[in-house]
Amino acid sequence: QVQLVESGGDLVQSGGSLRLSCAASGFIFSSSAMSWLRQAPGKELEWISGITDFGPTDYANSVKGRFTISRDNANNILYLQMNTLKLEDTAVYYCAKGWGPDGTRGQGTQVTVFS
């Protein structure tokens, strides 16, 4: 079955950087589009980035220019490089199989940005 395990979340000061990872198993990772989602306290789940199986990417306006999604198909890992973090980036971050917010996702990793 599909398994997705996120890691890399942490406490980070505003303006700092973090890299999240998502280890995937149970499906053909290299053939699947993947997404990053997040859910801030009291807010709805938000799709923030996606990458197709062959490389093209897209981002929500809220993170465009600051976050970069990438993938390592040899090791079945999805990444999210987050730079210039803001207080409003505080959320639980999830990776998900497929493009959009509706695919199977992992348990999430907490990112907390402080001033």
# chains A, B, ... in the order shown; residues from 1 in each chain; ligands from 1
call {"tool": "closest_atom_pairs", "arguments": {"of": "region 2-38 of chain A", "to": "region 65-71 of chain A", "cutoff": "9 Å", "atoms": "only C-alpha atoms", "output": "JSON lines"}}
result
{"residue": "A:Ser30", "atom": "CA", "partner": "A:Arg71", "partner_atom": "CA", "distance": 8.8}
{"residue": "A:Met34", "atom": "CA", "partner": "A:Arg71", "partner_atom": "CA", "distance": 8.8}
{"residue": "A:Ser35", "atom": "CA", "partner": "A:Ile69", "partner_atom": "CA", "distance": 8.5}
{"residue": "A:Trp36", "atom": "CA", "partner": "A:Ile69", "partner_atom": "CA", "distance": 8.1}
call {"tool": "select_by_dssp", "arguments": {"residues": "chain A", "states": "helix (DSSP H, G or I)", "output": "MDAnalysis selection string"}}
result
chainID A and resid 29:31 87:89
call {"tool": "atom_distance", "arguments": {"atom1": "CA of Gly8 (chain A)", "atom2": "CA of Leu85 (chain A)"}}
result
14.2 Å
call {"tool": "select_by_dssp", "arguments": {"residues": "region 9-86 of chain A", "states": "strand (DSSP E)", "output": "number ranges by chain"}}
result
A: 11-13, 18-25, 34-39, 46-51, 57-59, 67-72, 77-82
call {"tool": "residues_around", "arguments": {"residues": "Tyr59 (chain A)", "least_positions_apart": "3", "cutoff": "7 Å", "atoms": "only C-alpha atoms", "output": "list in words"}}
result
Ile48, Ser49, Gly50, Val63 and Lys64 of chain A
call {"tool": "closest_residue", "arguments": {"among": "A:Leu87, A:Ala74, A:Cys22, A:Val2", "to": "Val113 (chain A)", "atoms": "only C-alpha atoms"}}
result
A:Leu87
call {"tool": "closest_residue", "arguments": {"among": "A:Ala24, A:Ile51, A:Leu37, A:Val12", "to": "Cys95 (chain A)", "atoms": "only C-alpha atoms"}}
result
A:Leu37
call {"tool": "closest_residue", "arguments": {"among": "A:Phe114, A:Tyr79, A:Trp47, A:Phe54", "to": "Trp99 (chain A)", "atoms": "only C-alpha atoms"}}
result
A:Trp47
call {"tool": "atom_distance", "arguments": {"atom1": "CA of Asp89 (chain A)", "atom2": "CA of Ser7 (chain A)"}}
result
16.2 Å
call {"tool": "residues_around", "arguments": {"residues": "Thr52 (chain A)", "least_positions_apart": "4", "cutoff": "7 Å", "atoms": "only C-alpha atoms", "output": "PDB file with N, CA and C atoms, in the first residue's frame"}}
result
ATOM      1  N   SER A  32       4.656   8.777 -10.794  1.00  0.00           N
ATOM      2  CA  SER A  32       3.570   9.484 -10.124  1.00  0.00           C
ATOM      3  C   SER A  32       3.884  10.955  -9.933  1.00  0.00           C
ATOM      4  N   ALA A  33       2.930  11.802 -10.260  1.00  0.00           N
ATOM      5  CA  ALA A  33       3.016  13.187  -9.808  1.00  0.00           C
ATOM      6  C   ALA A  33       2.924  13.203  -8.289  1.00  0.00           C
ATOM      7  N   MET A  34       3.528  14.219  -7.676  1.00  0.00           N
ATOM      8  CA  MET A  34       3.523  14.338  -6.219  1.00  0.00           C
ATOM      9  C   MET A  34       3.235  15.778  -5.826  1.00  0.00           C
ATOM     10  N   PRO A  56       8.118  18.961 -14.594  1.00  0.00           N
ATOM     11  CA  PRO A  56       7.513  20.293 -14.423  1.00  0.00           C
ATOM     12  C   PRO A  56       6.874  20.464 -13.053  1.00  0.00           C
ATOM     13  N   THR A  57       6.960  21.714 -12.575  1.00  0.00           N
ATOM     14  CA  THR A  57       6.490  22.029 -11.230  1.00  0.00           C
ATOM     15  C   THR A  57       5.521  23.203 -11.265  1.00  0.00           C
TER      16      THR A  57
END
call {"tool": "closest_residue", "arguments": {"among": "A:Gly26, A:Gly16, A:Gly108, A:Gly55", "to": "Ala91 (chain A)", "atoms": "only C-alpha atoms"}}
result
A:Gly108
call {"tool": "residues_around", "arguments": {"residues": "Gln1 (chain A)", "least_positions_apart": "2", "cutoff": "8 Å", "atoms": "only C-alpha atoms", "output": "JSON, numbers by chain"}}
result
{"A": [3, 25, 26, 27]}
call {"tool": "write_last_selection", "arguments": {"atoms": "N, CA and C atoms", "output": "PDB file, in the first residue's frame"}}
result
ATOM      1  N   GLN A   3       2.730   4.318   1.110  1.00  0.00           N
ATOM      2  CA  GLN A   3       3.247   4.851   2.376  1.00  0.00           C
ATOM      3  C   GLN A   3       4.079   6.091   2.075  1.00  0.00           C
ATOM      4  N   SER A  25       6.891   4.805  -0.608  1.00  0.00           N
ATOM      5  CA  SER A  25       6.973   3.376  -0.902  1.00  0.00           C
ATOM      6  C   SER A  25       5.585   2.848  -1.208  1.00  0.00           C
ATOM      7  N   GLY A  26       5.542   1.647  -1.804  1.00  0.00           N
ATOM      8  CA  GLY A  26       4.265   1.000  -2.071  1.00  0.00           C
ATOM      9  C   GLY A  26       3.645   1.336  -3.410  1.00  0.00           C
ATOM     10  N   PHE A  27       4.343   2.128  -4.222  1.00  0.00           N
ATOM     11  CA  PHE A  27       3.857   2.458  -5.563  1.00  0.00           C
ATOM     12  C   PHE A  27       5.054   2.852  -6.409  1.00  0.00           C
TER      13      PHE A  27
END
